[in-house]
$ cat structure-v6.pdb   # PDB, N, CA and C atoms
ATOM      1  N   MET A  18      -1.929  20.334  -0.690
ATOM      2  CA  MET A  18      -2.577  20.777   0.519
ATOM      3  C   MET A  18      -3.915  20.045   0.641
ATOM      4  N   SER A  19      -4.187  19.528   1.817
ATOM      5  CA  SER A  19      -5.427  18.780   2.018
ATOM      6  C   SER A  19      -6.581  19.733   2.322
ATOM      7  N   ASN A  20      -7.754  19.371   1.826
ATOM      8  CA  ASN A  20      -8.936  20.191   2.034
ATOM      9  C   ASN A  20      -9.913  19.580   3.031
ATOM     10  N   TYR A  21     -10.063  18.251   2.996
ATOM     11  CA  TYR A  21     -11.101  17.613   3.789
ATOM     12  C   TYR A  21     -10.548  16.604   4.794
ATOM     13  N   THR A  22      -9.590  15.812   4.384
ATOM     14  CA  THR A  22      -8.980  14.832   5.290
ATOM     15  C   THR A  22      -7.466  15.007   5.232
ATOM     16  N   THR A  23      -6.764  14.278   6.048
ATOM     17  CA  THR A  23      -5.314  14.404   6.097
ATOM     18  C   THR A  23      -4.659  13.735   4.892
ATOM     19  N   GLU A  24      -3.476  14.150   4.576
ATOM     20  CA  GLU A  24      -2.707  13.542   3.490
ATOM     21  C   GLU A  24      -1.902  12.373   4.043
ATOM     22  N   LEU A  25      -1.573  11.434   3.173
ATOM     23  CA  LEU A  25      -0.799  10.266   3.577
ATOM     24  C   LEU A  25       0.515  10.675   4.236
ATOM     25  N   ARG A  26       1.165  11.689   3.725
ATOM     26  CA  ARG A  26       2.477  12.100   4.234
ATOM     27  C   ARG A  26       2.421  12.593   5.670
ATOM     28  N   LYS A  27       1.236  12.923   6.165
ATOM     29  CA  LYS A  27       1.111  13.425   7.527
ATOM     30  C   LYS A  27       0.853  12.322   8.549
ATOM     31  N   ILE A  28       0.772  11.084   8.074
ATOM     32  CA  ILE A  28       0.604   9.936   8.969
ATOM     33  C   ILE A  28       1.988   9.395   9.288
ATOM     34  N   LYS A  29       2.194   8.969  10.514
ATOM     35  CA  LYS A  29       3.480   8.377  10.885
ATOM     36  C   LYS A  29       3.812   7.262   9.909
ATOM     37  N   GLU A  30       4.990   7.346   9.331
ATOM     38  CA  GLU A  30       5.378   6.361   8.326
ATOM     39  C   GLU A  30       5.437   4.951   8.907
ATOM     40  N   SER A  31       5.761   4.836  10.171
ATOM     41  CA  SER A  31       5.816   3.503  10.797
ATOM     42  C   SER A  31       4.438   2.848  10.835
ATOM     43  N   LEU A  32       3.375   3.644  10.972
ATOM     44  CA  LEU A  32       2.019   3.095  10.956
ATOM     45  C   LEU A  32       1.656   2.569   9.575
ATOM     46  N   VAL A  33       2.017   3.324   8.557
ATOM     47  CA  VAL A  33       1.746   2.900   7.180
ATOM     48  C   VAL A  33       2.580   1.667   6.850
ATOM     49  N   ASP A  34       3.841   1.671   7.258
ATOM     50  CA  ASP A  34       4.711   0.513   7.013
ATOM     51  C   ASP A  34       4.160  -0.742   7.673
ATOM     52  N   ASP A  35       3.638  -0.586   8.892
ATOM     53  CA  ASP A  35       3.061  -1.739   9.583
ATOM     54  C   ASP A  35       1.847  -2.283   8.823
ATOM     55  N   ALA A  36       0.994  -1.392   8.349
ATOM     56  CA  ALA A  36      -0.182  -1.829   7.589
ATOM     57  C   ALA A  36       0.232  -2.514   6.289
ATOM     58  N   LEU A  37       1.301  -2.032   5.675
ATOM     59  CA  LEU A  37       1.758  -2.607   4.416
ATOM     60  C   LEU A  37       2.629  -3.850   4.614
ATOM     61  N   SER A  38       2.811  -4.271   5.832
ATOM     62  CA  SER A  38       3.608  -5.483   6.072
ATOM     63  C   SER A  38       2.722  -6.705   6.281
ATOM     64  N   GLN A  39       1.408  -6.535   6.179
ATOM     65  CA  GLN A  39       0.489  -7.599   6.562
ATOM     66  C   GLN A  39      -0.221  -8.271   5.402
ATOM     67  N   TYR A  40       0.189  -8.039   4.181
ATOM     68  CA  TYR A  40      -0.437  -8.724   3.051
ATOM     69  C   TYR A  40       0.512  -9.795   2.522
ATOM     70  N   THR A  41      -0.063 -10.786   1.848
ATOM     71  CA  THR A  41       0.775 -11.835   1.267
ATOM     72  C   THR A  41       1.433 -11.304   0.003
ATOM     73  N   ILE A  42       2.652 -11.746  -0.223
ATOM     74  CA  ILE A  42       3.390 -11.296  -1.398
ATOM     75  C   ILE A  42       4.192 -12.465  -1.937
ATOM     76  N   PHE A  43       4.372 -12.493  -3.244
ATOM     77  CA  PHE A  43       5.031 -13.622  -3.901
ATOM     78  C   PHE A  43       6.486 -13.772  -3.472
ATOM     79  N   SER A  44       7.144 -12.701  -3.084
ATOM     80  CA  SER A  44       8.532 -12.746  -2.640
ATOM     81  C   SER A  44       8.772 -11.613  -1.652
ATOM     82  N   GLU A  45       9.229 -11.957  -0.480
ATOM     83  CA  GLU A  45       9.509 -10.931   0.532
ATOM     84  C   GLU A  45      10.556  -9.932   0.064
ATOM     85  N   ASP A  46      11.395 -10.335  -0.872
ATOM     86  CA  ASP A  46      12.405  -9.414  -1.407
ATOM     87  C   ASP A  46      11.773  -8.240  -2.146
ATOM     88  N   TYR A  47      10.546  -8.421  -2.623
ATOM     89  CA  TYR A  47       9.896  -7.372  -3.397
ATOM     90  C   TYR A  47       8.971  -6.499  -2.548
ATOM     91  N   ARG A  48       8.730  -6.865  -1.293
ATOM     92  CA  ARG A  48       7.807  -6.092  -0.452
ATOM     93  C   ARG A  48       8.263  -4.639  -0.286
ATOM     94  N   LYS A  49       9.525  -4.426   0.058
ATOM     95  CA  LYS A  49      10.007  -3.059   0.298
ATOM     96  C   LYS A  49       9.912  -2.190  -0.961
ATOM     97  N   PRO A  50      10.379  -2.669  -2.140
ATOM     98  CA  PRO A  50      10.231  -1.832  -3.334
ATOM     99  C   PRO A  50       8.770  -1.537  -3.690
ATOM    100  N   LEU A  51       7.894  -2.537  -3.521
ATOM    101  CA  LEU A  51       6.477  -2.315  -3.822
ATOM    102  C   LEU A  51       5.867  -1.320  -2.853
ATOM    103  N   ASN A  52       6.139  -1.465  -1.570
ATOM    104  CA  ASN A  52       5.604  -0.530  -0.583
ATOM    105  C   ASN A  52       6.106   0.887  -0.830
ATOM    106  N   THR A  53       7.349   1.020  -1.224
ATOM    107  CA  THR A  53       7.903   2.339  -1.539
ATOM    108  C   THR A  53       7.158   2.957  -2.720
ATOM    109  N   LYS A  54       6.897   2.177  -3.748
ATOM    110  CA  LYS A  54       6.140   2.685  -4.907
ATOM    111  C   LYS A  54       4.737   3.110  -4.512
ATOM    112  N   ILE A  55       4.091   2.321  -3.672
ATOM    113  CA  ILE A  55       2.731   2.654  -3.224
ATOM    114  C   ILE A  55       2.748   3.974  -2.451
ATOM    115  N   LYS A  56       3.660   4.092  -1.500
ATOM    116  CA  LYS A  56       3.726   5.320  -0.696
ATOM    117  C   LYS A  56       4.075   6.538  -1.555
ATOM    118  N   GLN A  57       5.013   6.395  -2.466
ATOM    119  CA  GLN A  57       5.386   7.530  -3.319
ATOM    120  C   GLN A  57       4.223   7.959  -4.209
ATOM    121  N   HIS A  58       3.468   7.003  -4.713
ATOM    122  CA  HIS A  58       2.349   7.332  -5.598
ATOM    123  C   HIS A  58       1.265   8.131  -4.870
ATOM    124  N   PHE A  59       0.987   7.763  -3.621
ATOM    125  CA  PHE A  59      -0.115   8.384  -2.885
ATOM    126  C   PHE A  59       0.329   9.419  -1.850
ATOM    127  N   TRP A  60       1.599   9.762  -1.811
ATOM    128  CA  TRP A  60       2.181  10.587  -0.752
ATOM    129  C   TRP A  60       1.416  11.885  -0.487
ATOM    130  N   TYR A  61       1.008  12.596  -1.515
ATOM    131  CA  TYR A  61       0.331  13.883  -1.343
ATOM    132  C   TYR A  61      -1.183  13.782  -1.494
ATOM    133  N   ASN A  62      -1.717  12.563  -1.559
ATOM    134  CA  ASN A  62      -3.162  12.374  -1.658
ATOM    135  C   ASN A  62      -3.798  12.342  -0.279
ATOM    136  N   GLU A  63      -5.044  12.814  -0.202
ATOM    137  CA  GLU A  63      -5.793  12.717   1.044
ATOM    138  C   GLU A  63      -6.197  11.268   1.268
ATOM    139  N   ILE A  64      -6.309  10.872   2.526
ATOM    140  CA  ILE A  64      -6.645   9.483   2.824
ATOM    141  C   ILE A  64      -8.121   9.182   2.566
ATOM    142  N   GLY A  65      -8.966  10.171   2.593
ATOM    143  CA  GLY A  65     -10.368   9.988   2.225
ATOM    144  C   GLY A  65     -11.232   9.318   3.283
ATOM    145  N   LEU A  66     -10.746   9.216   4.496
ATOM    146  CA  LEU A  66     -11.523   8.631   5.593
ATOM    147  C   LEU A  66     -11.423   9.549   6.808
ATOM    148  N   GLU A  67     -12.350   9.389   7.739
ATOM    149  CA  GLU A  67     -12.417  10.294   8.879
ATOM    150  C   GLU A  67     -11.223  10.199   9.813
ATOM    151  N   SER A  68     -10.688   8.988   9.967
ATOM    152  CA  SER A  68      -9.585   8.842  10.913
ATOM    153  C   SER A  68      -8.451   8.030  10.298
ATOM    154  N   VAL A  69      -7.287   8.160  10.886
ATOM    155  CA  VAL A  69      -6.119   7.403  10.449
ATOM    156  C   VAL A  69      -6.357   5.914  10.669
ATOM    157  N   ASP A  70      -6.997   5.549  11.794
ATOM    158  CA  ASP A  70      -7.284   4.139  12.065
ATOM    159  C   ASP A  70      -8.169   3.522  10.983
ATOM    160  N   GLN A  71      -9.174   4.252  10.539
ATOM    161  CA  GLN A  71     -10.034   3.756   9.464
ATOM    162  C   GLN A  71      -9.226   3.570   8.187
ATOM    163  N   PHE A  72      -8.351   4.515   7.887
ATOM    164  CA  PHE A  72      -7.527   4.417   6.693
ATOM    165  C   PHE A  72      -6.611   3.200   6.750
ATOM    166  N   LEU A  73      -5.937   3.002   7.879
ATOM    167  CA  LEU A  73      -5.011   1.876   8.007
ATOM    168  C   LEU A  73      -5.759   0.548   7.894
ATOM    169  N   PHE A  74      -6.948   0.481   8.474
ATOM    170  CA  PHE A  74      -7.765  -0.725   8.356
ATOM    171  C   PHE A  74      -8.124  -0.990   6.897
ATOM    172  N   GLN A  75      -8.591   0.042   6.199
ATOM    173  CA  GLN A  75      -8.988  -0.110   4.797
ATOM    174  C   GLN A  75      -7.784  -0.429   3.905
ATOM    175  N   LEU A  76      -6.627   0.116   4.240
ATOM    176  CA  LEU A  76      -5.405  -0.199   3.493
ATOM    177  C   LEU A  76      -5.079  -1.680   3.615
ATOM    178  N   ARG A  77      -5.146  -2.218   4.841
ATOM    179  CA  ARG A  77      -4.879  -3.650   5.042
ATOM    180  C   ARG A  77      -5.898  -4.503   4.292
ATOM    181  N   VAL A  78      -7.164  -4.135   4.378
ATOM    182  CA  VAL A  78      -8.221  -4.885   3.692
ATOM    183  C   VAL A  78      -7.980  -4.888   2.182
ATOM    184  N   LYS A  79      -7.720  -3.729   1.619
ATOM    185  CA  LYS A  79      -7.541  -3.613   0.165
ATOM    186  C   LYS A  79      -6.335  -4.416  -0.313
ATOM    187  N   MET A  80      -5.223  -4.313   0.396
ATOM    188  CA  MET A  80      -4.028  -5.046  -0.015
ATOM    189  C   MET A  80      -4.256  -6.553   0.073
ATOM    190  N   ASN A  81      -4.981  -7.011   1.093
ATOM    191  CA  ASN A  81      -5.288  -8.440   1.200
ATOM    192  C   ASN A  81      -6.264  -8.896   0.130
ATOM    193  N   GLU A  82      -7.103  -8.001  -0.365
ATOM    194  CA  GLU A  82      -8.036  -8.353  -1.439
ATOM    195  C   GLU A  82      -7.348  -8.429  -2.798
ATOM    196  N   ILE A  83      -6.459  -7.481  -3.080
ATOM    197  CA  ILE A  83      -5.900  -7.409  -4.436
ATOM    198  C   ILE A  83      -4.623  -8.203  -4.637
ATOM    199  N   MET A  84      -3.869  -8.451  -3.587
ATOM    200  CA  MET A  84      -2.565  -9.072  -3.784
ATOM    201  C   MET A  84      -2.586 -10.522  -4.258
ATOM    202  N   PRO A  85      -3.582 -11.345  -3.926
ATOM    203  CA  PRO A  85      -3.580 -12.685  -4.516
ATOM    204  C   PRO A  85      -3.570 -12.646  -6.051
ATOM    205  N   TYR A  86      -4.326 -11.734  -6.637
ATOM    206  CA  TYR A  86      -4.354 -11.572  -8.093
ATOM    207  C   TYR A  86      -2.995 -11.098  -8.613
ATOM    208  N   TYR A  87      -2.454 -10.066  -7.989
ATOM    209  CA  TYR A  87      -1.173  -9.524  -8.458
ATOM    210  C   TYR A  87      -0.011 -10.488  -8.203
ATOM    211  N   ASN A  88      -0.096 -11.266  -7.142
ATOM    212  CA  ASN A  88       0.946 -12.270  -6.908
ATOM    213  C   ASN A  88       0.993 -13.272  -8.056
ATOM    214  N   GLN A  89      -0.172 -13.675  -8.556
ATOM    215  CA  GLN A  89      -0.212 -14.585  -9.708
ATOM    216  C   GLN A  89       0.430 -13.938 -10.929
ATOM    217  N   MET A  90       0.161 -12.668 -11.135
ATOM    218  CA  MET A  90       0.754 -11.973 -12.282
ATOM    219  C   MET A  90       2.271 -11.887 -12.147
ATOM    220  N   TYR A  91       2.759 -11.549 -10.959
ATOM    221  CA  TYR A  91       4.201 -11.467 -10.732
ATOM    222  C   TYR A  91       4.864 -12.829 -10.934
ATOM    223  N   GLU A  92       4.234 -13.879 -10.409
ATOM    224  CA  GLU A  92       4.797 -15.231 -10.559
ATOM    225  C   GLU A  92       4.822 -15.654 -12.021
ATOM    226  N   ALA A  93       3.790 -15.293 -12.775
ATOM    227  CA  ALA A  93       3.767 -15.610 -14.206
ATOM    228  C   ALA A  93       4.890 -14.896 -14.945
ATOM    229  N   GLU A  94       5.177 -13.667 -14.555
ATOM    230  CA  GLU A  94       6.289 -12.927 -15.172
ATOM    231  C   GLU A  94       7.621 -13.594 -14.871
ATOM    232  N   LEU A  95       7.761 -14.147 -13.680
ATOM    233  CA  LEU A  95       9.001 -14.835 -13.331
ATOM    234  C   LEU A  95       9.201 -16.099 -14.175
ATOM    235  N   ILE A  96       8.114 -16.780 -14.499
ATOM    236  CA  ILE A  96       8.187 -18.002 -15.324
ATOM    237  C   ILE A  96       8.626 -17.651 -16.742
ATOM    238  N   LYS A  97       8.163 -16.521 -17.258
ATOM    239  CA  LYS A  97       8.500 -16.111 -18.623
ATOM    240  C   LYS A  97      10.002 -15.913 -18.811
ATOM    241  N   ARG A  98      10.685 -15.511 -17.773
ATOM    242  CA  ARG A  98      12.096 -15.162 -17.891
ATOM    243  C   ARG A  98      12.924 -16.367 -17.912
TER     244      ARG A  98
END

$ encode --input "structure-v6.pdb" --output "structure tokens"
Amino acid sequence: MSNYTTELRKIKESLVDDALSQYTIFSEDYRKPLNTKIKQHFWYNEIGLESVDQFLFQLRVKMNEIMPYYNQMYEAELIKR
């Protein structure tokens, strides 16, 4: 139950999916499984921002900041195999 802001599960899933479709990823085949893991992990968490628009903006920013690093890690794992 949310106390201060809305929970992720109360946002239209299509809005979250759209925000999660805009970051670079090492393989498009892995985007859907990764996005599913992200949504499941945070499903009952509050978004922590005043509006859904602010949350979606910050989600896009964060994913664009962190994914170049994680893409390198994923690609390195593929080389090991």

$ axis_aligned_box --input "structure-v6.pdb" --around "segment 26-41 of chain A" --padding-each-side "6 Å" --output "JSON"
{"center_x": 2.7, "center_y": 0.8, "center_z": 5.5, "size_x": 18.3, "size_y": 37.3, "size_z": 23.0}

$ closest_atom_pairs --input "structure-v6.pdb" --of "segment 32-76 of chain A" --to "segment 20-24 of chain A" --cutoff "9 Å" --atoms "only C-alpha atoms" --output "Markdown table"
| residue | atom | partner | partner_atom | distance |
| --- | --- | --- | --- | --- |
| A:Phe59 | CA | A:Glu24 | CA | 8.6 |
| A:Trp60 | CA | A:Glu24 | CA | 7.1 |
| A:Tyr61 | CA | A:Glu24 | CA | 5.7 |
| A:Asn62 | CA | A:Glu24 | CA | 5.3 |
| A:Glu63 | CA | A:Glu24 | CA | 4.0 |
| A:Ile64 | CA | A:Glu24 | CA | 5.7 |
| A:Gly65 | CA | A:Thr22 | CA | 5.9 |
| A:Leu66 | CA | A:Thr22 | CA | 6.7 |
| A:Glu67 | CA | A:Thr22 | CA | 6.7 |
| A:Ser68 | CA | A:Thr22 | CA | 8.2 |
| A:Val69 | CA | A:Thr23 | CA | 8.3 |

$ atom_distance --input "structure-v6.pdb" --atom1 "atom CA of Ile42 of chain A" --atom2 "atom CA of Val78 of chain A"
14.2 Å

$ atom_distance --input "structure-v6.pdb" --atom1 "atom C of Gln57 of chain A" --atom2 "atom N of Asn81 of chain A"
18.4 Å

$ select_by_dssp --input "structure-v6.pdb" --residues "chain A" --states "alpha helix (DSSP H)" --output "ChimeraX atom specification"
/A:30-36,45-59,69-97

$ atom_distance --input "structure-v6.pdb" --atom1 "atom CA of Lys56 of chain A" --atom2 "atom CA of Leu37 of chain A"
9.6 Å

$ closest_residue --input "structure-v6.pdb" --among "A:Arg26, A:Leu73, A:Lys97, A:Met84" --to "Phe43 of chain A" --atoms "all atoms listed in the file"
A:Met84

$ closest_residue --input "structure-v6.pdb" --among "A:Met18, A:Ile96, A:Leu25, A:Val33" --to "Arg77 of chain A" --atoms "only C-alpha atoms"
A:Val33

$ residues_around --input "structure-v6.pdb" --residues "Ser38 of chain A" --least-positions-apart "3" --cutoff "8 Å" --atoms "all atoms listed in the file" --output "PyMOL selection string"
chain A and resi 32-35+41+48+52+77

$ write_last_selection --input "structure-v6.pdb" --atoms "N, CA and C atoms" --output "PDB file, in the coordinates of the input"
ATOM      1  N   LEU A  32       3.375   3.644  10.972  1.00  0.00           N
ATOM      2  CA  LEU A  32       2.019   3.095  10.956  1.00  0.00           C
ATOM      3  C   LEU A  32       1.656   2.569   9.575  1.00  0.00           C
ATOM      4  N   VAL A  33       2.017   3.324   8.557  1.00  0.00           N
ATOM      5  CA  VAL A  33       1.746   2.900   7.180  1.00  0.00           C
ATOM      6  C   VAL A  33       2.580   1.667   6.850  1.00  0.00           C
ATOM      7  N   ASP A  34       3.841   1.671   7.258  1.00  0.00           N
ATOM      8  CA  ASP A  34       4.711   0.513   7.013  1.00  0.00           C
ATOM      9  C   ASP A  34       4.160  -0.742   7.673  1.00  0.00           C
ATOM     10  N   ASP A  35       3.638  -0.586   8.892  1.00  0.00           N
ATOM     11  CA  ASP A  35       3.061  -1.739   9.583  1.00  0.00           C
ATOM     12  C   ASP A  35       1.847  -2.283   8.823  1.00  0.00           C
ATOM     13  N   THR A  41      -0.063 -10.786   1.848  1.00  0.00           N
ATOM     14  CA  THR A  41       0.775 -11.835   1.267  1.00  0.00           C
ATOM     15  C   THR A  41       1.433 -11.304   0.003  1.00  0.00           C
ATOM     16  N   ARG A  48       8.730  -6.865  -1.293  1.00  0.00           N
ATOM     17  CA  ARG A  48       7.807  -6.092  -0.452  1.00  0.00           C
ATOM     18  C   ARG A  48       8.263  -4.639  -0.286  1.00  0.00           C
ATOM     19  N   ASN A  52       6.139  -1.465  -1.570  1.00  0.00           N
ATOM     20  CA  ASN A  52       5.604  -0.530  -0.583  1.00  0.00           C
ATOM     21  C   ASN A  52       6.106   0.887  -0.830  1.00  0.00           C
ATOM     22  N   ARG A  77      -5.146  -2.218   4.841  1.00  0.00           N
ATOM     23  CA  ARG A  77      -4.879  -3.650   5.042  1.00  0.00           C
ATOM     24  C   ARG A  77      -5.898  -4.503   4.292  1.00  0.00           C
TER      25      ARG A  77
END
